[in-house]
file target_39.csv (CSV, C-alpha atoms and all ligand atoms)
chain,number,residue,atom,x,y,z
A,631,MET,CA,-28.1,-64.5,-58.6
A,632,SER,CA,-30.9,-63.9,-56.2
A,633,ALA,CA,-30.8,-61.2,-53.5
A,634,GLN,CA,-29.9,-62.2,-50.0
A,635,TRP,CA,-30.6,-58.6,-48.8
A,636,ASP,CA,-32.6,-55.6,-50.1
A,637,GLY,CA,-30.5,-52.8,-48.6
A,638,LEU,CA,-27.0,-52.1,-47.4
A,639,LEU,CA,-25.1,-50.1,-44.8
A,640,LEU,CA,-21.5,-49.7,-45.8
A,641,ASP,CA,-18.8,-48.7,-43.4
A,642,ILE,CA,-16.4,-46.3,-45.0
A,643,ASP,CA,-12.9,-46.5,-43.5
A,644,GLY,CA,-11.4,-49.9,-44.2
A,645,VAL,CA,-14.2,-50.8,-46.6
A,646,LEU,CA,-14.2,-48.1,-49.3
A,647,HIS,CA,-10.7,-46.8,-48.6
A,648,VAL,CA,-7.7,-46.8,-46.3
A,649,GLY,CA,-6.1,-43.3,-46.0
A,650,ASP,CA,-6.0,-41.6,-49.3
A,651,GLU,CA,-6.4,-44.7,-51.4
A,652,ALA,CA,-9.6,-46.4,-52.6
A,653,LEU,CA,-9.5,-50.1,-52.0
A,654,PRO,CA,-9.3,-52.3,-55.1
A,655,GLY,CA,-12.6,-52.7,-56.8
A,656,ALA,CA,-14.5,-50.5,-54.3
A,657,VAL,CA,-15.3,-47.6,-56.7
A,658,GLU,CA,-16.6,-50.1,-59.3
A,659,ALA,CA,-18.7,-52.0,-56.7
A,660,MET,CA,-20.2,-48.7,-55.4
A,661,ARG,CA,-21.0,-47.7,-59.0
A,662,ALA,CA,-22.8,-51.0,-59.6
A,663,LEU,CA,-24.8,-50.7,-56.4
A,664,GLN,CA,-25.8,-47.1,-57.2
A,665,ALA,CA,-26.8,-47.9,-60.8
A,666,ALA,CA,-29.1,-50.7,-59.5
A,667,LYS,CA,-30.6,-48.2,-57.0
A,668,ILE,CA,-29.9,-50.5,-54.0
A,669,PRO,CA,-31.1,-48.7,-50.9
A,670,MET,CA,-27.9,-47.8,-49.1
A,671,ARG,CA,-26.3,-45.6,-46.4
A,672,LEU,CA,-22.7,-45.0,-45.6
A,673,ALA,CA,-22.6,-45.9,-41.9
A,674,THR,CA,-19.4,-44.6,-40.4
A,675,ASN,CA,-18.0,-44.3,-36.9
A,676,THR,CA,-15.6,-41.6,-38.0
A,677,THR,CA,-15.5,-38.7,-35.5
A,678,SER,CA,-12.2,-37.1,-36.5
A,679,ARG,CA,-13.7,-35.2,-39.4
A,680,PRO,CA,-17.2,-33.8,-40.3
A,681,ARG,CA,-19.5,-35.2,-43.0
A,682,ALA,CA,-18.5,-32.6,-45.5
A,683,ALA,CA,-14.8,-33.6,-45.3
A,684,ILE,CA,-15.7,-37.3,-45.5
A,685,THR,CA,-17.7,-36.6,-48.6
A,686,ASP,CA,-15.0,-34.5,-50.1
A,687,ARG,CA,-12.4,-37.2,-49.7
A,688,LEU,CA,-14.7,-39.9,-51.1
A,689,GLN,CA,-15.4,-37.8,-54.1
A,690,ARG,CA,-11.7,-37.2,-54.6
A,691,LEU,CA,-11.1,-41.0,-54.5
A,692,GLY,CA,-13.7,-41.4,-57.3
A,693,PHE,CA,-16.9,-42.3,-55.3
A,694,ASP,CA,-20.0,-40.5,-56.4
A,695,VAL,CA,-21.6,-39.8,-53.0
A,696,GLU,CA,-23.3,-36.9,-51.3
A,697,GLU,CA,-23.2,-35.7,-47.7
A,698,THR,CA,-26.8,-37.0,-47.1
A,699,ASP,CA,-25.6,-40.6,-47.9
A,700,ILE,CA,-23.6,-40.6,-44.7
A,701,LEU,CA,-24.9,-41.4,-41.2
A,702,SER,CA,-22.4,-40.4,-38.6
A,703,PRO,CA,-22.2,-40.6,-34.7
A,704,ALA,CA,-22.3,-36.8,-34.5
A,705,GLN,CA,-25.9,-36.8,-36.0
A,706,MET,CA,-26.9,-39.4,-33.5
A,707,ALA,CA,-25.4,-37.3,-30.6
A,708,VAL,CA,-27.4,-34.3,-31.7
A,709,ARG,CA,-30.6,-36.4,-31.8
A,710,LEU,CA,-29.9,-37.9,-28.3
A,711,CYS,CA,-29.3,-34.5,-26.8
A,712,ARG,CA,-32.5,-33.2,-28.3
A,713,GLU,CA,-34.5,-36.2,-26.9
A,714,ARG,CA,-33.0,-35.7,-23.5
A,715,GLY,CA,-33.4,-32.0,-23.5
A,716,TYR,CA,-29.7,-31.3,-23.1
A,717,GLU,CA,-28.7,-27.7,-23.8
A,718,ARG,CA,-25.1,-27.1,-22.6
A,719,VAL,CA,-22.5,-29.6,-23.5
A,720,ALA,CA,-18.7,-29.9,-23.4
A,721,LEU,CA,-17.2,-31.1,-26.7
A,722,ILE,CA,-14.1,-33.3,-26.5
A,723,THR,CA,-13.9,-33.7,-30.3
A,724,ALA,CA,-11.8,-32.7,-33.2
A,725,HIS,CA,-12.3,-29.0,-34.0
A,726,ALA,CA,-13.5,-29.8,-37.5
A,727,LEU,CA,-16.3,-32.0,-36.2
A,728,LYS,CA,-17.9,-29.1,-34.4
A,729,GLN,CA,-19.7,-28.1,-37.6
A,730,ASP,CA,-21.7,-31.3,-37.3
A,731,LEU,CA,-22.6,-30.5,-33.7
A,732,ALA,CA,-23.4,-26.8,-34.3
A,733,GLU,CA,-27.0,-27.3,-33.0
A,734,LEU,CA,-25.7,-27.8,-29.5
A,735,GLU,CA,-24.5,-25.1,-27.2
A,736,ALA,CA,-20.9,-25.9,-26.6
A,737,VAL,CA,-19.3,-24.7,-23.4
A,738,VAL,CA,-15.5,-24.3,-23.7
A,739,SER,CA,-14.1,-24.0,-20.2
A,740,PRO,CA,-12.8,-27.4,-19.0
A,741,GLY,CA,-14.5,-28.9,-16.0
A,742,SER,CA,-17.6,-26.7,-16.1
A,743,ALA,CA,-21.1,-27.8,-15.2
A,744,VAL,CA,-22.7,-29.1,-18.3
A,745,ASP,CA,-25.5,-31.5,-19.2
A,746,ALA,CA,-23.2,-33.8,-21.1
A,747,VAL,CA,-19.6,-34.4,-22.1
A,748,ILE,CA,-19.5,-35.6,-25.7
A,749,VAL,CA,-16.3,-37.4,-26.7
A,750,GLY,CA,-15.1,-38.3,-30.2
A,751,ASP,CA,-11.7,-39.2,-31.6
A,752,LEU,CA,-9.2,-36.5,-30.8
A,753,GLY,CA,-6.0,-38.4,-31.8
A,754,PRO,CA,-2.9,-36.8,-30.3
A,755,GLY,CA,-5.2,-34.1,-28.7
A,756,PHE,CA,-6.2,-36.5,-25.9
A,757,SER,CA,-3.9,-34.8,-23.4
A,758,TYR,CA,-4.0,-35.0,-19.6
A,759,GLY,CA,-5.5,-31.6,-19.4
A,760,VAL,CA,-8.4,-32.4,-21.9
A,761,LEU,CA,-9.2,-35.7,-20.2
A,762,ASN,CA,-9.0,-34.1,-16.7
A,763,GLY,CA,-11.4,-31.3,-17.8
A,764,ALA,CA,-13.9,-33.9,-19.0
A,765,PHE,CA,-13.4,-35.9,-15.8
A,766,ARG,CA,-14.3,-32.9,-13.7
A,767,SER,CA,-17.4,-32.2,-15.6
A,768,LEU,CA,-18.5,-35.8,-15.1
A,769,LEU,CA,-18.0,-35.4,-11.4
A,770,ARG,CA,-20.2,-32.4,-11.5
A,771,GLY,CA,-23.1,-34.5,-12.9
A,772,ALA,CA,-22.6,-34.4,-16.6
A,773,ASP,CA,-23.6,-37.5,-18.7
A,774,LEU,CA,-20.8,-39.1,-20.7
A,775,ILE,CA,-21.8,-39.5,-24.4
A,776,ALA,CA,-19.3,-41.5,-26.5
A,777,LEU,CA,-19.6,-40.8,-30.2
A,778,GLN,CA,-18.1,-44.3,-30.6
A,779,ARG,CA,-15.9,-46.6,-28.6
A,780,ASN,CA,-13.7,-48.4,-31.2
A,781,ARG,CA,-10.5,-49.8,-29.7
A,782,TYR,CA,-8.3,-48.9,-32.7
A,783,TRP,CA,-8.3,-48.2,-36.4
A,784,ARG,CA,-6.0,-48.6,-39.4
A,785,ARG,CA,-4.0,-45.7,-40.5
A,786,PRO,CA,-1.8,-46.0,-43.6
A,787,GLU,CA,1.3,-46.5,-41.4
A,788,GLY,CA,-0.3,-49.0,-39.0
A,789,LEU,CA,-3.0,-49.5,-36.3
A,790,ALA,CA,-3.7,-46.6,-34.0
A,791,LEU,CA,-5.6,-45.9,-30.8
A,792,ASP,CA,-9.2,-44.8,-31.4
A,793,CYS,CA,-11.7,-43.1,-29.1
A,794,GLY,CA,-12.6,-46.2,-27.0
A,795,PRO,CA,-9.5,-46.4,-24.8
A,796,PHE,CA,-10.1,-42.8,-23.7
A,797,ILE,CA,-13.8,-43.4,-23.0
A,798,ALA,CA,-12.7,-46.4,-20.9
A,799,ALA,CA,-10.3,-44.1,-18.9
A,800,LEU,CA,-13.1,-41.6,-18.2
A,801,GLU,CA,-15.5,-44.3,-17.2
A,802,TYR,CA,-13.0,-45.8,-14.9
A,803,ALA,CA,-12.1,-42.5,-13.2
A,804,SER,CA,-15.7,-41.2,-12.9
A,805,ASP,CA,-17.2,-44.7,-12.2
A,806,ARG,CA,-20.0,-43.9,-14.7
A,807,LYS,CA,-21.0,-45.6,-18.0
A,808,ALA,CA,-20.9,-43.9,-21.3
A,809,THR,CA,-23.9,-43.8,-23.6
A,810,VAL,CA,-22.5,-44.8,-27.0
A,811,VAL,CA,-24.4,-43.2,-29.9
A,812,GLY,CA,-22.3,-44.6,-32.9
A,813,LYS,CA,-21.8,-48.2,-33.8
A,814,PRO,CA,-22.4,-50.7,-32.1
A,815,SER,CA,-25.4,-49.0,-30.5
A,816,ALA,CA,-28.6,-50.6,-31.7
A,817,ASP,CA,-30.2,-47.2,-31.9
A,818,TYR,CA,-27.7,-46.3,-34.6
A,819,PHE,CA,-28.5,-49.3,-36.7
A,820,LEU,CA,-32.2,-48.9,-36.2
A,821,ALA,CA,-32.1,-45.2,-37.2
A,822,ALA,CA,-30.1,-46.3,-40.3
A,823,VAL,CA,-32.5,-49.0,-41.5
A,824,ASP,CA,-35.4,-46.7,-40.7
A,825,GLU,CA,-34.0,-44.2,-43.2
A,826,LEU,CA,-33.9,-47.0,-45.8
A,827,GLY,CA,-37.5,-47.9,-45.0
A,828,LEU,CA,-36.6,-51.5,-44.6
A,829,ALA,CA,-36.9,-54.1,-41.9
A,830,PRO,CA,-33.6,-54.8,-40.1
A,831,ASP,CA,-33.4,-58.4,-41.3
A,832,ARG,CA,-33.5,-57.3,-45.0
A,833,VAL,CA,-30.4,-55.1,-44.5
A,834,ALA,CA,-26.7,-56.1,-44.3
A,835,MET,CA,-24.1,-54.1,-42.6
A,836,VAL,CA,-20.7,-54.4,-44.4
A,837,GLY,CA,-17.7,-53.5,-42.3
A,838,ASP,CA,-14.2,-54.3,-41.2
A,839,ASP,CA,-14.8,-53.8,-37.4
A,840,LEU,CA,-15.8,-57.1,-35.8
A,841,GLU,CA,-17.3,-55.5,-32.7
A,842,ALA,CA,-18.7,-52.2,-33.9
A,843,ASP,CA,-19.9,-53.2,-37.4
A,844,ILE,CA,-20.6,-56.9,-37.2
A,845,GLY,CA,-21.5,-57.5,-33.5
A,846,GLY,CA,-23.6,-54.3,-33.4
A,847,ALA,CA,-25.5,-55.1,-36.6
A,848,ILE,CA,-26.3,-58.7,-35.6
A,849,ASP,CA,-27.5,-57.5,-32.1
A,850,ALA,CA,-29.8,-55.0,-33.8
A,851,GLY,CA,-31.3,-57.7,-36.1
A,852,LEU,CA,-29.3,-57.0,-39.3
A,853,ALA,CA,-26.9,-59.2,-41.1
A,854,GLY,CA,-23.2,-58.6,-40.4
A,855,VAL,CA,-20.9,-59.0,-43.4
A,856,LEU,CA,-17.2,-58.8,-42.6
A,857,VAL,CA,-14.7,-57.8,-45.2
A,858,GLN,CA,-11.0,-58.8,-45.1
A,859,THR,CA,-9.8,-55.3,-45.8
A,860,GLY,CA,-8.9,-52.4,-43.5
A,861,LYS,CA,-8.3,-53.5,-39.9
A,862,PHE,CA,-9.5,-57.1,-40.5
A,863,ARG,CA,-7.3,-59.6,-38.7
A,864,ALA,CA,-7.9,-63.3,-39.0
A,865,HIS,CA,-6.8,-64.2,-35.5
A,866,GLU,CA,-9.2,-61.6,-34.0
A,867,LEU,CA,-12.0,-63.3,-35.8
A,868,GLU,CA,-10.9,-66.8,-34.6
A,869,GLU,CA,-10.7,-65.6,-31.0
A,870,SER,CA,-14.0,-63.7,-30.9
A,871,SER,CA,-17.4,-65.0,-29.9
A,872,ILE,CA,-18.9,-62.8,-32.7
A,873,GLU,CA,-19.8,-64.8,-35.8
A,874,PRO,CA,-20.3,-62.7,-38.9
A,875,THR,CA,-23.3,-63.7,-41.0
A,876,LEU,CA,-20.9,-63.8,-43.9
A,877,LEU,CA,-17.2,-63.4,-44.5
A,878,ILE,CA,-16.2,-61.9,-47.8
A,879,GLU,CA,-13.0,-60.7,-49.4
A,880,SER,CA,-13.9,-57.1,-50.0
A,881,LEU,CA,-16.6,-54.6,-51.1
A,882,ALA,CA,-16.1,-56.0,-54.6
A,883,ASP,CA,-18.0,-59.1,-53.5
A,884,VAL,CA,-21.0,-57.0,-52.3
A,885,PRO,CA,-23.0,-56.5,-55.5
A,886,SER,CA,-23.7,-60.2,-55.8
A,887,LEU,CA,-25.2,-60.2,-52.3
A,888,VAL,CA,-28.0,-57.9,-53.4
A,889,GLY,CA,-28.7,-59.9,-56.6
A,890,LEU,CA,-26.3,-58.1,-59.0
A,891,THR,CA,-24.0,-60.0,-61.3
A,892,SER,CA,-20.9,-61.1,-59.6
A,893,ARG,CA,-17.6,-59.5,-60.6
A,894,ARG,CA,-16.2,-63.0,-61.2
L,1,MG,MG,-14.0,-49.4,-40.6
call {"tool": "encode", "arguments": {"input": "target_39.csv", "output": "structure tokens"}}
result
Amino acid sequence: MSAQWDGLLLDIDGVLHVGDEALPGAVEAMRALQAAKIPMRLATNTTSRPRAAITDRLQRLGFDVEETDILSPAQMAVRLCRERGYERVALITAHALKQDLAELEAVVSPGSAVDAVIVGDLGPGFSYGVLNGAFRSLLRGADLIALQRNRYWRRPEGLALDCGPFIAALEYASDRKATVVGKPSADYFLAAVDELGLAPDRVAMVGDDLEADIGGAIDAGLAGVLVQTGKFRAHELEESSIEPTLLIESLADVPSLVGLTSRR
């Protein structure tokens, strides 16, 4: 089978695994892609845990991956702050994620004057006090940097609010727009294909999030390949204006897209 694309960006949550279970055929598919040395990055929007913890879990589930295989929104936030010359930031993120943002000087007192407020998924930690502290910093002139703005994600027990609804709340209250550094930001996808050394149209993003993975990739000039695992819901696809380049069952179908023998 001939190759439709030369390189891949693979979303992690909902594509490789859900919770503590690898998705059927995912470990084998990944092994086949790695054996064929397909240029590839794991392009995640996860902001609840650092790259080291993401890598640990993937290794535990049987994936042979390294921390450097992963591109995360936290890395993009550090890059953006460096470009803009931001020094002092407020971090509204999971405590564990702070190791991926260690290059930035984090100011702890809520509401203080900072260059930027950086927001990631805080789960149940998104309390009134935390959001109000961020709001006060925004009123004092800070920029709002969203690590991502996904609406929801799939936890083993069901769908759950992600970071996006809280970003929307802060935008509404402060009347300012967030800069999104994770997917679907074009800068994120272009940084990823740049690392692969390929042109965007030779790379396919494989993901389960119609807006962040598929819409974002297509807007940046990549192909968007939607899997029907993780948070995929058929009616969301029917109702959306986003049209995936390709709809596949799962990661197990991906090796054939880059010219490897199909599993079937
Ligand atoms: Mg996902």
call {"tool": "residues_around", "arguments": {"input": "target_39.csv", "residues": "A:Val810", "least_positions_apart": "2", "cutoff": "12 Å", "atoms": "all atoms listed in the file", "output": "number ranges by chain"}}
result
A: 675, 703-704, 706-707, 710, 747-750, 773-780, 793-794, 797-798, 807-808, 812-818, 842, 846
call {"tool": "residues_near_ligand", "arguments": {"input": "target_39.csv", "ligand": "ligand MG 1 (chain L)", "cutoff": "9 Å", "atoms": "only C-alpha atoms and all ligand atoms", "output": "tab-separated table (two decimals) with C-alpha atoms, in the frame of the given file"}}
result
chain	number	residue	atom	x	y	z
A	641	ASP	CA	-18.80	-48.70	-43.40
A	642	ILE	CA	-16.40	-46.30	-45.00
A	643	ASP	CA	-12.90	-46.50	-43.50
A	644	GLY	CA	-11.40	-49.90	-44.20
A	645	VAL	CA	-14.20	-50.80	-46.60
A	646	LEU	CA	-14.20	-48.10	-49.30
A	648	VAL	CA	-7.70	-46.80	-46.30
A	674	THR	CA	-19.40	-44.60	-40.40
A	675	ASN	CA	-18.00	-44.30	-36.90
A	676	THR	CA	-15.60	-41.60	-38.00
A	783	TRP	CA	-8.30	-48.20	-36.40
A	784	ARG	CA	-6.00	-48.60	-39.40
A	837	GLY	CA	-17.70	-53.50	-42.30
A	838	ASP	CA	-14.20	-54.30	-41.20
A	839	ASP	CA	-14.80	-53.80	-37.40
A	842	ALA	CA	-18.70	-52.20	-33.90
A	843	ASP	CA	-19.90	-53.20	-37.40
A	859	THR	CA	-9.80	-55.30	-45.80
A	860	GLY	CA	-8.90	-52.40	-43.50
A	861	LYS	CA	-8.30	-53.50	-39.90
A	862	PHE	CA	-9.50	-57.10	-40.50
call {"tool": "closest_residue", "arguments": {"input": "target_39.csv", "among": "A:Leu840, A:Ala665, A:Ala847, A:Ala803", "to": "A:Glu868", "atoms": "only C-alpha atoms"}}
result
A:Leu840
call {"tool": "closest_residue", "arguments": {"input": "target_39.csv", "among": "A:Arg718, A:Glu866, A:Ala724, A:Asp792", "to": "A:Ala772", "atoms": "only C-alpha atoms"}}
result
A:Arg718
call {"tool": "atom_distance", "arguments": {"input": "target_39.csv", "atom1": "atom CA of A:Gly845", "atom2": "atom CA of A:Met660"}}
result
23.6 Å
call {"tool": "atom_distance", "arguments": {"input": "target_39.csv", "atom1": "atom CA of A:Ile668", "atom2": "atom CA of A:Leu826"}}
result
9.8 Å
call {"tool": "residues_near_point", "arguments": {"input": "target_39.csv", "point": "(-27.5, -57.0, -61.1)", "cutoff": "12 Å", "atoms": "all atoms listed in the file", "output": "NGL selection string"}}
result
:A and (631-633 or 659 or 661-668 or 884-893)
call {"tool": "residues_near_point", "arguments": {"input": "target_39.csv", "point": "(-13.6, -37.3, -11.3)", "cutoff": "12 Å", "atoms": "only C-alpha atoms", "output": "list of chain:residue names"}}
result
A:Gly741, A:Leu761, A:Asn762, A:Gly763, A:Ala764, A:Phe765, A:Arg766, A:Ser767, A:Leu768, A:Leu769, A:Arg770, A:Gly771, A:Ala772, A:Leu774, A:Ala799, A:Leu800, A:Glu801, A:Tyr802, A:Ala803, A:Ser804, A:Asp805, A:Arg806
call {"tool": "closest_atom_pairs", "arguments": {"input": "target_39.csv", "of": "stretch 729-831 of chain A", "to": "stretch 635-639 of chain A", "cutoff": "9 Å", "atoms": "only C-alpha atoms", "output": "tab-separated table"}}
result
residue	atom	partner	partner_atom	distance
A:Phe819	CA	A:Leu639	CA	8.8
A:Ala822	CA	A:Leu639	CA	7.7
A:Val823	CA	A:Leu639	CA	8.2
A:Leu826	CA	A:Gly637	CA	7.3
A:Leu828	CA	A:Gly637	CA	7.4
A:Asp831	CA	A:Trp635	CA	8.0
call {"tool": "closest_residue", "arguments": {"input": "target_39.csv", "among": "A:Arg671, A:Arg687, A:Arg832, A:Lys728", "to": "A:Leu701", "atoms": "only C-alpha atoms"}}
result
A:Arg671
call {"tool": "atom_distance", "arguments": {"input": "target_39.csv", "atom1": "atom CA of A:Ile684", "atom2": "atom CA of A:Leu653"}}
result
15.6 Å
